[in-house]
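Data block below; observations after.
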Amino acid sequence: MTAKILQFGGITFGRIEPDKVLEANKGKFKEVFLIGLDENSDDYYASSTGDLPTLLWMLERAKKELLDSK
């Protein structure tokens, strides 16, 4: 018997491999701001825009969503 494995598309607080998160969201965005830790646990930031006010606006909205999701 072969099991069929389905990707969970909901909200989870469990650990998901970063490459899976990136691959599952490829092609879905108009603008992105990526925040993470590299393999050496150093901060890593990347953005599709160089517009600082847009980056800060996206970051503040994300912070609000995280704080409101308790």
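Convention: chains lettered A, B, ... in structure tokens order; per-chain residue numbering from 1; ligands numbered from 1 as shown.
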
- Task: Excluding Lys30 in chain A and any residue of its chain fewer than 6 positions from it, enumerate the residues within 12 Å of it, using only C-alpha atoms, and give them as a list in words.
- Result: Ser47, Ser48 and Thr49 of chain A

Residues just named, written with N, CA and C atoms as a CSV table (one decimal), in the first residue's frame:
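Just written: selection-v5.csv:
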chain,number,residue,atom,x,y,z
A,47,SER,N,14.9,41.7,-0.6
A,47,SER,CA,13.6,42.3,-1.0
A,47,SER,C,13.5,42.4,-2.5
A,48,SER,N,12.3,42.4,-3.0
A,48,SER,CA,12.1,42.7,-4.4
A,48,SER,C,12.0,44.1,-4.7
A,49,THR,N,12.0,45.0,-3.7
A,49,THR,CA,12.0,46.4,-3.9
A,49,THR,C,13.0,47.1,-3.1

- Message: I'd like to know which of A:Glu23, A:Met58, A:Pro18, A:Pro53 is closest to Glu39 in chain A, using only C-alpha atoms.
- Response: A:Pro18

- Message: Based on the backbone DSSP call, show me all residues of chain A assigned helix (DSSP H, G or I), as a ChimeraX atom specification.
- Response: /A:18-24,52-68

Convert the current residue selection to file output with N, CA and C atoms, as a CSV table (one decimal), in the first residue's frame.
chain,number,residue,atom,x,y,z
A,18,PRO,N,12.7,25.5,5.3
A,18,PRO,CA,12.6,26.8,4.6
A,18,PRO,C,12.4,26.7,3.1
A,19,ASP,N,13.1,25.8,2.5
A,19,ASP,CA,13.0,25.6,1.0
A,19,ASP,C,11.6,25.2,0.6
A,20,LYS,N,10.9,24.4,1.4
A,20,LYS,CA,9.5,24.0,1.1
A,20,LYS,C,8.6,25.3,1.2
A,21,VAL,N,8.8,26.1,2.2
A,21,VAL,CA,8.0,27.4,2.3
A,21,VAL,C,8.2,28.2,1.1
A,22,LEU,N,9.5,28.4,0.7
A,22,LEU,CA,9.8,29.2,-0.5
A,22,LEU,C,9.2,28.7,-1.7
A,23,GLU,N,9.4,27.4,-1.9
A,23,GLU,CA,8.9,26.7,-3.2
A,23,GLU,C,7.4,26.8,-3.2
A,24,ALA,N,6.7,26.6,-2.1
A,24,ALA,CA,5.2,26.5,-2.1
A,24,ALA,C,4.6,27.9,-2.4
A,52,LEU,N,12.4,51.9,0.6
A,52,LEU,CA,12.5,51.8,2.0
A,52,LEU,C,11.1,52.0,2.7
A,53,PRO,N,10.3,53.0,2.4
A,53,PRO,CA,9.0,53.1,3.0
A,53,PRO,C,8.1,51.9,2.8
A,54,THR,N,8.1,51.3,1.6
A,54,THR,CA,7.3,50.1,1.3
A,54,THR,C,7.8,48.9,2.2
A,55,LEU,N,9.1,48.8,2.3
A,55,LEU,CA,9.7,47.7,3.1
A,55,LEU,C,9.2,47.9,4.6
A,56,LEU,N,9.3,49.1,5.1
A,56,LEU,CA,9.0,49.3,6.5
A,56,LEU,C,7.5,49.1,6.7
A,57,TRP,N,6.7,49.5,5.7
A,57,TRP,CA,5.2,49.3,5.8
A,57,TRP,C,4.9,47.8,5.8
A,58,MET,N,5.5,47.0,5.0
A,58,MET,CA,5.3,45.6,5.0
A,58,MET,C,5.7,44.9,6.3
A,59,LEU,N,6.9,45.4,6.8
A,59,LEU,CA,7.4,44.8,8.1
A,59,LEU,C,6.4,45.2,9.2
A,60,GLU,N,6.0,46.4,9.3
A,60,GLU,CA,5.0,46.8,10.4
A,60,GLU,C,3.7,46.1,10.3
A,61,ARG,N,3.2,45.9,9.1
A,61,ARG,CA,2.0,45.1,8.9
A,61,ARG,C,2.2,43.6,9.4
A,62,ALA,N,3.3,43.1,9.1
A,62,ALA,CA,3.6,41.7,9.5
A,62,ALA,C,3.7,41.6,11.0
A,63,LYS,N,4.4,42.6,11.6
A,63,LYS,CA,4.5,42.6,13.1
A,63,LYS,C,3.1,42.7,13.7
A,64,LYS,N,2.2,43.5,13.2
A,64,LYS,CA,0.9,43.6,13.7
A,64,LYS,C,0.1,42.3,13.6
A,65,GLU,N,0.2,41.6,12.4
A,65,GLU,CA,-0.4,40.3,12.3
A,65,GLU,C,0.1,39.3,13.3
A,66,LEU,N,1.4,39.3,13.5
A,66,LEU,CA,2.0,38.3,14.4
A,66,LEU,C,1.5,38.6,15.9
A,67,LEU,N,1.5,39.9,16.2
A,67,LEU,CA,1.0,40.3,17.6
A,67,LEU,C,-0.4,40.0,17.8
A,68,ASP,N,-1.2,40.2,16.8
A,68,ASP,CA,-2.7,39.9,16.9
A,68,ASP,C,-3.1,38.5,16.8

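Residues of range 34-67 of chain A assigned to strand (DSSP E) by DSSP on this structure's backbone: A:Leu34, A:Ile35, A:Gly36, A:Leu37, A:Asp43, A:Tyr44, A:Tyr45, A:Ala46, A:Ser47.
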
- For Ile35 in chain A, list every protein, DNA or RNA residue within 7 Å, evaluated using only C-alpha atoms, and leave out those in the same chain fewer than 6 positions away; present the list as an NGL selection string. :A and (44-46)

Next, dump the selected residues to file, keeping only C-alpha atoms, as a PDB file, in the first residue's frame.
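again05.pdb was written with the following content:
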ATOM      1  CA  TYR A  44      19.573  37.663   6.189  1.00  0.00           C
ATOM      2  CA  TYR A  45      17.310  40.154   4.427  1.00  0.00           C
ATOM      3  CA  ALA A  46      16.267  40.295   0.794  1.00  0.00           C
TER       4      ALA A  46
END

- Message: Between CA of Ile16 in chain A and CA of Gly50 in chain A, what is the distance in Å, rounded to a tenth?
- Response: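 We find that CA of Ile16 in chain A and CA of Gly50 in chain A lie 28.3 Å from each other.
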
- What separation in Å, quoted to one decimal, exists between CA of Leu37 in chain A and CA of Asn25 in chain A?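 If I compute the distance from CA of Leu37 in chain A to CA of Asn25 in chain A, I get 18.4 Å.
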